[in-house]
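**Student:** Would you mind keeping the following structure in view while I ask a few things?
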Amino acid sequence: MNEWTRIMLLSFPSNIDAAVAAGELQMTIDGEPVGAAPALVVINPATGEPAGRAPDAGTADLDRAVAAARAALPRWSGMTHAARAERLGAFADAIQRRAHDVAAVLTLEQGKELASATFEIFGTVAWMKQFSTIEIPEAVIRPVGRDGLVVRHRPVGVVGAIAPWNVPVFLGFMKVAQALIAGCTIVLKPSPFTPLSTLLVGALSRGILPPGVLNVVSGGDALGQAMTDHEGIDKISFTGSTETGKRVVESASRTMKRVTLELGGNDPAIILPDADLDRIVPALMIGAFGNAGQVCMAIKRLFVHEDIHDEVAARLAVLARDHVVGSGFEPGTAMGPIQNRAQFDRVIELVEDAGRMPGAQILAGGKPLDGPGFFYPPTLVVGLDDDARLVREEQFGPALPILSWRTEDEVIARANATRFGLSASIWTRDLEKAQDMSKRLDVGTVWINAHGLPDPAAPFGGTKESGLGRSFGPMGVEAYMEAQTLSIEPSLPM
Ligand code: NAD
C-alpha cells in the first residue's frame, strides 16, 4: 500500500476495521445496525485482492427490512412535504460531513480515481437537496365547490431499489431521495461488487431519518430476485443491465409491482464536419473514458464525418496514449481499473474480436496492462463495420470504436440501428441543424456539444431496451407516486 492510500484510509475514520467495529459497514434495518454472516468478499479492483467483507443478507433479513419499511410508511407519508424535505436535507448534510471517508471506501471497492469518487459523493448530496425541493402539485381540472375534478398524487408505498456497481452511491441514493420525498419508504440493495460505500452512507441516516424509512441490505443477485418477488414491496426501481432488467419485469409482473428501469446503452456521438476540434476532442475523451467507460450513458460509438475522421482519431489517440491509468488513490491517475474480473475479461474479448475484423486498426491501447489488478488502457479502434461486436454490443469499458459517415440520413439511421436508446450527442457549431437532427434520434436524451451530463431538473431514461420510465425532475418523483382522481358529482346534490 503506498503512502497516499494509507493516508486516505487513515482518514476513514481510522480504517475499515474501525468502521466495521462502529457498525458502519453493517446493514441498516429499522434504524439499527444489523449484521449477517459476512460472506460477501469485496475485491479491490486495483489489486485483485480482498478489500473487505459485507453482510450477505438472507430472506429473513429482507422480510425484516420490508416489514420495517411498511411500518414506517403511514407516519412518513403523512408528514408534510416540508418536514420530509427537512429530514432529507439533514441526511444530505450528514453525508457531506463524511464525504471524504465515503469517497475513500468507494475508490477502494470500485476503483475510480479519488477525485471522481469525491465528486460522486458531493453530487449525491447536491442532487439529494435538489430533489427535496420537488413537490408534485394537485392538478385542478374543475375547482372543488359543488362539483370538482382534481388529480392528486399519493406515494406508491414500499420501494425496493436495486443498484449497479459503476456509480453505486449516486445511483442508489438518487432512488432513495426521489422515493423519500414522494412519501415512500425504501429498501436499498447495492451491487455485491460495491456494497461498502452504500452501507456506510446508509449508516449515516441512523438517528436522522425515522427508523424503517430507509433500510439498506447487502447481498448477491438472489437477494435482488427476492426483492422483485416480495409481496411486501410495491415498486422496484432498478438500475443495471438490460438482461437483468428483463428478469426484473418478469418477476415484478407476478405481483403487478410498479417498475422503473434504468438499463444499458450504446450511445452514439455524432461529429459534424464543422465541429471545433480543439474544444471537442478533450470532451469526447471524458465522454467515452470517464469512469473507465463504465457509464450507462458513456459514448460507446463515435461517428465522425469522413472529412475529419482521421484528424479526430489521431488527436484522440494522442490523448489516449497520454492518459495515466493506475490506482484511484495515486495522485495523477486519470483512469482507474475496470471494476471486476468478468467485465475486464469482457472488454479483453470484445477488443480481441474487433482486432480480428478485416480492415480494423487499433490506434491506442488494445491489451490489458501487465501486473495485478484489472487495468485496461483507453483503446481506440477504427475501420470496423457496424456489425462488429464492439459496435453492436454495450462494451461498458474503455474501448471505443470510431466510425466514419458521409450523409446525415445515413448516420441517423446507423445511430438508431440498435436495440438501445438511452442517449446520444451531436457536436457542431450549427445549433439549428443539431436540433433538427436530434428529433430523429430514437433516444431519451440528446446533448448538443456535450455527452453524459444529465440534469436533476429534467427526466432521464431510455427508449427501447434501455429502460422503462424516467428518473429525475418532477417526472422522476412522480414515478414514485400513483395518480388519484377525485371527482365530486354535482347531479345528485345532498
Ligand atoms: P447487473 O444487472 O448485473 O446488476 C445490477 C443489480 O441487479 C445488482 O445489484 C445485482 O445484484 C442485481 N441483480 C442481479 N440479478 C438480479 C435479479 N434476477 N433480480 C433482481 N436483481 C438482480 O448490472 P451491473 O453489471 O451491476 O451494471 C452494469 C449495467 O448497468 C450496464 O448495462 C449499464 O449500462 C447499466 N446502467 C444503467 C444506468 C442507467 O441509468 N440507464 C446507470 C448505470 C448503469
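Every chain in the C-alpha cells takes a letter, A first, then B, and so on in the order presented; its residues are numbered from 1, and the ligands are numbered from 1 following the presented order.
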Looking only at the backbone, which of the residues in region 190-256 of chain A does DSSP tag as helix (DSSP H, G or I), as a ChimeraX atom specification?
**Tutor:** /A:196-204,221-229,242-253
**Student:** Considering only C-alpha atoms, tabulate each residue of region 80-109 of chain A that lies at most 10 Å from region 182-202 of chain A along with its nearest interatomic pair and the corresponding distance in Å to one decimal; arrange the rows by chain and ascending residue number and present them as a Markdown table.
**Tutor:**
| residue | atom | partner | partner_atom | distance |
| --- | --- | --- | --- | --- |
| A:Thr80 | CA | A:Gly183 | CA | 9.0 |
| A:His81 | CA | A:Gly183 | CA | 8.0 |
| A:Arg84 | CA | A:Gly183 | CA | 7.7 |
| A:Ala85 | CA | A:Ala182 | CA | 9.8 |
| A:Phe91 | CA | A:Val201 | CA | 9.3 |
| A:Ala92 | CA | A:Val201 | CA | 9.7 |
| A:Ala94 | CA | A:Val201 | CA | 8.8 |
| A:Ile95 | CA | A:Val201 | CA | 6.6 |
| A:Arg98 | CA | A:Val201 | CA | 8.7 |
| A:Ala99 | CA | A:Val201 | CA | 9.2 |
| A:Asp101 | CA | A:Ser197 | CA | 9.0 |
| A:Val102 | CA | A:Ser197 | CA | 5.8 |
| A:Ala103 | CA | A:Ser197 | CA | 7.7 |
| A:Ala104 | CA | A:Ser197 | CA | 8.7 |
| A:Val105 | CA | A:Ser197 | CA | 5.7 |
| A:Leu106 | CA | A:Ser197 | CA | 5.4 |
| A:Thr107 | CA | A:Ser197 | CA | 9.1 |
| A:Leu108 | CA | A:Thr194 | CA | 9.3 |
| A:Glu109 | CA | A:Thr194 | CA | 5.7 |
**Student:** Pull N, CA, C and O atoms from the residues just selected and write them as a short mmCIF file (atom, residue, chain, number, x, y, z; two decimals), in the first residue's frame.
**Tutor:**
data_model
loop_
_atom_site.label_atom_id
_atom_site.label_comp_id
_atom_site.auth_asym_id
_atom_site.auth_seq_id
_atom_site.Cartn_x
_atom_site.Cartn_y
_atom_site.Cartn_z
N THR A 80 -45.71 16.41 6.31
CA THR A 80 -45.79 17.40 5.23
C THR A 80 -44.56 17.26 4.34
O THR A 80 -43.51 16.73 4.76
N HIS A 81 -44.69 17.78 3.13
CA HIS A 81 -43.56 17.77 2.21
C HIS A 81 -42.37 18.49 2.85
O HIS A 81 -41.23 18.03 2.79
N ARG A 84 -40.56 16.33 5.38
CA ARG A 84 -39.75 15.28 4.75
C ARG A 84 -38.49 15.90 4.13
O ARG A 84 -37.39 15.34 4.23
N ALA A 85 -38.67 17.08 3.49
CA ALA A 85 -37.53 17.75 2.86
C ALA A 85 -36.48 18.11 3.90
O ALA A 85 -35.27 18.00 3.65
N PHE A 91 -30.06 14.53 6.24
CA PHE A 91 -29.32 13.31 5.81
C PHE A 91 -28.23 13.71 4.82
O PHE A 91 -27.07 13.27 4.94
N ALA A 92 -28.56 14.59 3.86
CA ALA A 92 -27.56 15.04 2.88
C ALA A 92 -26.41 15.74 3.60
O ALA A 92 -25.23 15.52 3.26
N ALA A 94 -25.33 15.14 6.58
CA ALA A 94 -24.53 14.10 7.26
C ALA A 94 -23.60 13.41 6.27
O ALA A 94 -22.45 13.09 6.60
N ILE A 95 -24.08 13.20 5.05
CA ILE A 95 -23.22 12.57 4.03
C ILE A 95 -22.09 13.53 3.68
O ILE A 95 -20.92 13.14 3.54
N ARG A 98 -19.15 13.49 5.96
CA ARG A 98 -18.28 12.30 5.86
C ARG A 98 -17.89 12.00 4.41
O ARG A 98 -17.49 10.87 4.10
N ALA A 99 -18.02 13.01 3.54
CA ALA A 99 -17.83 12.77 2.10
C ALA A 99 -16.47 12.14 1.79
O ALA A 99 -16.37 11.24 0.96
N ASP A 101 -14.53 10.27 3.69
CA ASP A 101 -14.48 8.88 4.14
C ASP A 101 -15.21 7.98 3.14
O ASP A 101 -14.72 6.91 2.77
N VAL A 102 -16.41 8.42 2.75
CA VAL A 102 -17.20 7.60 1.81
C VAL A 102 -16.44 7.47 0.49
O VAL A 102 -16.38 6.39 -0.10
N ALA A 103 -15.84 8.57 0.05
CA ALA A 103 -15.11 8.56 -1.22
C ALA A 103 -13.95 7.57 -1.17
O ALA A 103 -13.69 6.84 -2.13
N ALA A 104 -13.25 7.52 -0.04
CA ALA A 104 -12.11 6.59 0.08
C ALA A 104 -12.59 5.14 -0.02
O ALA A 104 -11.96 4.31 -0.69
N VAL A 105 -13.71 4.85 0.62
CA VAL A 105 -14.25 3.48 0.55
C VAL A 105 -14.69 3.17 -0.87
O VAL A 105 -14.48 2.06 -1.39
N LEU A 106 -15.29 4.18 -1.52
CA LEU A 106 -15.76 3.99 -2.90
C LEU A 106 -14.58 3.68 -3.84
O LEU A 106 -14.64 2.76 -4.66
N THR A 107 -13.51 4.43 -3.69
CA THR A 107 -12.33 4.17 -4.54
C THR A 107 -11.76 2.78 -4.25
O THR A 107 -11.39 2.04 -5.16
N LEU A 108 -11.74 2.43 -2.98
CA LEU A 108 -11.19 1.13 -2.60
C LEU A 108 -11.95 -0.02 -3.27
O LEU A 108 -11.36 -0.97 -3.77
N GLU A 109 -13.28 0.07 -3.29
CA GLU A 109 -14.05 -1.08 -3.79
C GLU A 109 -14.42 -0.95 -5.26
O GLU A 109 -14.63 -1.95 -5.94
#
**Student:** Using only C-alpha atoms and all ligand atoms, find the one residue out of A:Val248, A:Val318, A:Leu369, A:Leu88 that sits nearest to ligand 1.
**Tutor:** A:Val248
**Student:** Step one, run DSSP on the backbone; step two, keep only residues of region 125-349 of chain A assigned to strand (DSSP E or B); then write them as a VMD selection string.
**Tutor:** chain A and resid 139 to 142 148 to 155 158 to 162 185 to 189 206 209 214 to 216 235 to 239 258 to 262 268 to 271 301 to 305 325 335
**Student:** Any chance you could export the current selection's C-alpha atoms as a JSON list (two decimals), in the first residue's frame?
**Tutor:**
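The resulting file, out-v5.json, is shown below:
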[["chain", "number", "residue", "atom", "x", "y", "z"],
["A", 139, "ALA", "CA", -53.96, 19.29, -10.90],
["A", 140, "VAL", "CA", -57.31, 21.07, -10.63],
["A", 141, "ILE", "CA", -59.40, 20.31, -13.68],
["A", 142, "ARG", "CA", -62.62, 21.72, -12.14],
["A", 148, "GLY", "CA", -64.98, 19.34, -8.78],
["A", 149, "LEU", "CA", -62.38, 17.28, -10.54],
["A", 150, "VAL", "CA", -58.88, 17.09, -9.10],
["A", 151, "VAL", "CA", -55.90, 14.82, -9.75],
["A", 152, "ARG", "CA", -53.59, 14.32, -6.81],
["A", 153, "HIS", "CA", -50.63, 12.06, -6.17],
["A", 154, "ARG", "CA", -50.09, 9.56, -3.38],
["A", 155, "PRO", "CA", -46.87, 7.69, -2.58],
["A", 158, "VAL", "CA", -42.68, 0.48, -0.11],
["A", 159, "VAL", "CA", -39.96, 0.70, -2.76],
["A", 160, "GLY", "CA", -37.30, -1.90, -3.46],
["A", 161, "ALA", "CA", -34.24, -0.23, -5.01],
["A", 162, "ILE", "CA", -31.54, -2.29, -6.74],
["A", 185, "THR", "CA", -40.24, 4.22, 2.34],
["A", 186, "ILE", "CA", -37.47, 2.12, 0.84],
["A", 187, "VAL", "CA", -35.24, -0.95, 0.97],
["A", 188, "LEU", "CA", -32.00, -0.40, -0.97],
["A", 189, "LYS", "CA", -29.70, -3.16, -2.18],
["A", 206, "ARG", "CA", -29.44, 6.39, 11.53],
["A", 209, "LEU", "CA", -34.40, 9.51, 9.25],
["A", 214, "LEU", "CA", -34.51, 3.83, 4.72],
["A", 215, "ASN", "CA", -33.26, 0.26, 5.02],
["A", 216, "VAL", "CA", -30.03, -0.89, 3.37],
["A", 235, "LYS", "CA", -42.40, -0.84, -6.64],
["A", 236, "ILE", "CA", -39.00, -1.83, -7.93],
["A", 237, "SER", "CA", -36.58, 0.86, -9.03],
["A", 238, "PHE", "CA", -33.78, -0.94, -10.82],
["A", 239, "THR", "CA", -30.55, 0.21, -12.44],
["A", 258, "ARG", "CA", -44.62, -0.73, -10.50],
["A", 259, "VAL", "CA", -41.18, -0.62, -12.12],
["A", 260, "THR", "CA", -38.69, 1.99, -13.19],
["A", 261, "LEU", "CA", -35.81, 0.51, -15.15],
["A", 262, "GLU", "CA", -32.57, 2.31, -15.99],
["A", 268, "PRO", "CA", -23.71, 7.32, -30.37],
["A", 269, "ALA", "CA", -21.84, 10.64, -30.52],
["A", 270, "ILE", "CA", -22.16, 12.23, -33.96],
["A", 271, "ILE", "CA", -19.44, 14.66, -35.02],
["A", 301, "ARG", "CA", -19.95, 4.53, -30.73],
["A", 302, "LEU", "CA", -18.17, 7.59, -32.11],
["A", 303, "PHE", "CA", -19.48, 8.58, -35.56],
["A", 304, "VAL", "CA", -17.13, 11.12, -37.17],
["A", 305, "HIS", "CA", -17.79, 12.77, -40.54],
["A", 325, "VAL", "CA", -4.02, 4.57, -15.90],
["A", 335, "MET", "CA", -8.40, 6.39, -15.14]]
**Student:** Please identify every polymer residue within 8 Å of ligand 1, using only C-alpha atoms and all ligand atoms, and present the set as an MDAnalysis selection string.
**Tutor:** chainID A and resid 162:167 171 189:193 219:228 238:245 247:248 251 261:265 294:297 343 394 396 422 460:462 466:467
**Student:** Do a neighbour search on Pro45 (chain A) at 7 Å with only C-alpha atoms, toss out local chain neighbours closer than 2 positions, and write the hits as number ranges by chain.
**Tutor:** A: 43, 47-48, 109-111, 337-340, 373-374
**Student:** Would you output that residue set with N, CA, C and O atoms, as a JSON list (two decimals), in the first residue's frame?
**Tutor:**
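What ended up in again.json:
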[["chain", "number", "residue", "atom", "x", "y", "z"],
["A", 43, "ILE", "N", -13.73, -7.21, -3.55],
["A", 43, "ILE", "CA", -12.38, -7.21, -4.14],
["A", 43, "ILE", "C", -11.97, -5.79, -4.51],
["A", 43, "ILE", "O", -12.76, -5.04, -5.10],
["A", 47, "THR", "N", -5.99, -4.23, -7.13],
["A", 47, "THR", "CA", -5.02, -5.26, -6.72],
["A", 47, "THR", "C", -5.53, -6.67, -7.02],
["A", 47, "THR", "O", -4.73, -7.61, -7.04],
["A", 48, "GLY", "N", -6.84, -6.80, -7.18],
["A", 48, "GLY", "CA", -7.42, -8.14, -7.33],
["A", 48, "GLY", "C", -7.52, -8.87, -6.00],
["A", 48, "GLY", "O", -7.89, -10.04, -5.94],
["A", 109, "GLU", "N", -13.28, 0.07, -3.29],
["A", 109, "GLU", "CA", -14.05, -1.08, -3.79],
["A", 109, "GLU", "C", -14.42, -0.95, -5.26],
["A", 109, "GLU", "O", -14.63, -1.95, -5.94],
["A", 110, "GLN", "N", -14.51, 0.30, -5.76],
["A", 110, "GLN", "CA", -14.96, 0.48, -7.15],
["A", 110, "GLN", "C", -13.78, 0.71, -8.09],
["A", 110, "GLN", "O", -13.86, 0.35, -9.25],
["A", 111, "GLY", "N", -12.75, 1.37, -7.58],
["A", 111, "GLY", "CA", -11.55, 1.56, -8.40],
["A", 111, "GLY", "C", -11.39, 2.97, -8.94],
["A", 111, "GLY", "O", -10.28, 3.38, -9.26],
["A", 337, "PRO", "N", -8.92, 1.18, -12.59],
["A", 337, "PRO", "CA", -9.12, -0.14, -13.21],
["A", 337, "PRO", "C", -10.58, -0.36, -13.60],
["A", 337, "PRO", "O", -11.47, 0.38, -13.17],
["A", 338, "ILE", "N", -10.80, -1.41, -14.37],
["A", 338, "ILE", "CA", -12.16, -1.92, -14.59],
["A", 338, "ILE", "C", -12.60, -2.55, -13.28],
["A", 338, "ILE", "O", -11.79, -3.08, -12.53],
["A", 339, "GLN", "N", -13.90, -2.45, -12.96],
["A", 339, "GLN", "CA", -14.31, -2.76, -11.59],
["A", 339, "GLN", "C", -14.22, -4.24, -11.22],
["A", 339, "GLN", "O", -13.95, -4.56, -10.07],
["A", 340, "ASN", "N", -14.45, -5.14, -12.15],
["A", 340, "ASN", "CA", -14.44, -6.55, -11.74],
["A", 340, "ASN", "C", -13.88, -7.44, -12.86],
["A", 340, "ASN", "O", -13.82, -7.03, -14.02],
["A", 373, "GLY", "N", -4.40, -6.49, -10.69],
["A", 373, "GLY", "CA", -5.47, -5.50, -10.88],
["A", 373, "GLY", "C", -6.04, -5.61, -12.28],
["A", 373, "GLY", "O", -5.44, -6.21, -13.18],
["A", 374, "PHE", "N", -7.21, -4.97, -12.46],
["A", 374, "PHE", "CA", -7.94, -5.09, -13.72],
["A", 374, "PHE", "C", -7.74, -3.84, -14.57],
["A", 374, "PHE", "O", -8.70, -3.14, -14.91]]
**Student:** Just the residues within 6 Å of region 112-116 of chain A, please, counting only C-alpha atoms, with nothing from its chain fewer than 4 positions along; format it as a list in words.
**Tutor:**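 So the residues in contact are Thr107, Gly328, Phe329 and Gly336 of chain A.
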**Student:** Taking all heavy atoms for each residue, export the selection above as a CSV table (one decimal), in the first residue's frame.
**Tutor:**
chain,number,residue,atom,x,y,z
A,107,THR,N,-13.5,4.4,-3.7
A,107,THR,CA,-12.3,4.2,-4.5
A,107,THR,C,-11.8,2.8,-4.2
A,107,THR,O,-11.4,2.0,-5.2
A,107,THR,CB,-11.2,5.3,-4.3
A,107,THR,OG1,-11.8,6.5,-4.8
A,107,THR,CG2,-9.9,4.9,-5.0
A,328,GLY,N,-6.7,4.3,-8.3
A,328,GLY,CA,-7.5,5.5,-8.0
A,328,GLY,C,-7.0,6.3,-6.9
A,328,GLY,O,-7.3,7.5,-6.7
A,329,PHE,N,-6.1,5.8,-6.0
A,329,PHE,CA,-5.5,6.5,-4.9
A,329,PHE,C,-4.3,7.3,-5.3
A,329,PHE,O,-3.8,8.1,-4.5
A,329,PHE,CB,-5.2,5.5,-3.7
A,329,PHE,CG,-6.5,5.1,-3.0
A,329,PHE,CD1,-6.9,3.8,-3.1
A,329,PHE,CD2,-7.2,6.0,-2.2
A,329,PHE,CE1,-8.0,3.3,-2.4
A,329,PHE,CE2,-8.3,5.5,-1.5
A,329,PHE,CZ,-8.7,4.2,-1.6
A,336,GLY,N,-8.9,4.7,-13.5
A,336,GLY,CA,-8.7,3.6,-12.6
A,336,GLY,C,-8.9,2.3,-13.3
A,336,GLY,O,-9.1,2.2,-14.6
**Student:** Considering only C-alpha atoms, return as a list in words whatever protein or nucleic-acid residues lie within 12 Å of Asp409 (chain A), sequence-local ones (same chain, fewer than 5 positions apart) excluded.
**Tutor:**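 Selected residues are Arg414, Ala415, Asn416, Asp436, Met437, Arg440 and Leu441 of chain A.
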**Student:** Mind dumping the selected residues with C-alpha atoms as an mmCIF file, in the first residue's frame?
**Tutor:**
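Now in result.cif:
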data_model
loop_
_atom_site.group_PDB
_atom_site.id
_atom_site.type_symbol
_atom_site.label_atom_id
_atom_site.label_comp_id
_atom_site.auth_asym_id
_atom_site.auth_seq_id
_atom_site.Cartn_x
_atom_site.Cartn_y
_atom_site.Cartn_z
ATOM 1 C CA ARG A 414 -26.871 3.902 -38.182
ATOM 2 C CA ALA A 415 -27.116 5.657 -34.808
ATOM 3 C CA ASN A 416 -30.678 4.358 -34.423
ATOM 4 C CA ASP A 436 -33.307 19.179 -36.276
ATOM 5 C CA MET A 437 -31.153 16.058 -36.229
ATOM 6 C CA ARG A 440 -34.782 11.990 -35.471
ATOM 7 C CA LEU A 441 -32.732 10.188 -32.824
#
**Student:** Determine the nearest neighbour of Val312 (chain A) from the options A:Ala483, A:Ile402, A:Val176, A:Ile121, counting only C-alpha atoms.
**Tutor:**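 Using only C-alpha atoms, the shortest distance to Val312 (chain A) belongs to A:Ile402.
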**Student:** Could you tell me which of A:Ala334, A:Leu62, A:Ala342, A:Ala399 comes closest to Ala354 (chain A) if we count only C-alpha atoms?
**Tutor:**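 Closest residue, counting only C-alpha atoms: A:Ala399.
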**Student:** Mind giving me the straight-line distance from CA of Val351 (chain A) to CA of Ser423 (chain A) in Å, one decimal?
**Tutor:**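 Pair CA of Val351 (chain A) / CA of Ser423 (chain A) returns 23.2 Å.
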**Student:** Which residue out of A:Gly452, A:Pro55, A:Pro50, A:Pro490 has the minimum interatomic distance to Pro33 (chain A) when only C-alpha atoms are used?
**Tutor:**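 When distances to Pro33 (chain A) are compared using only C-alpha atoms, the smallest one comes from A:Pro55.
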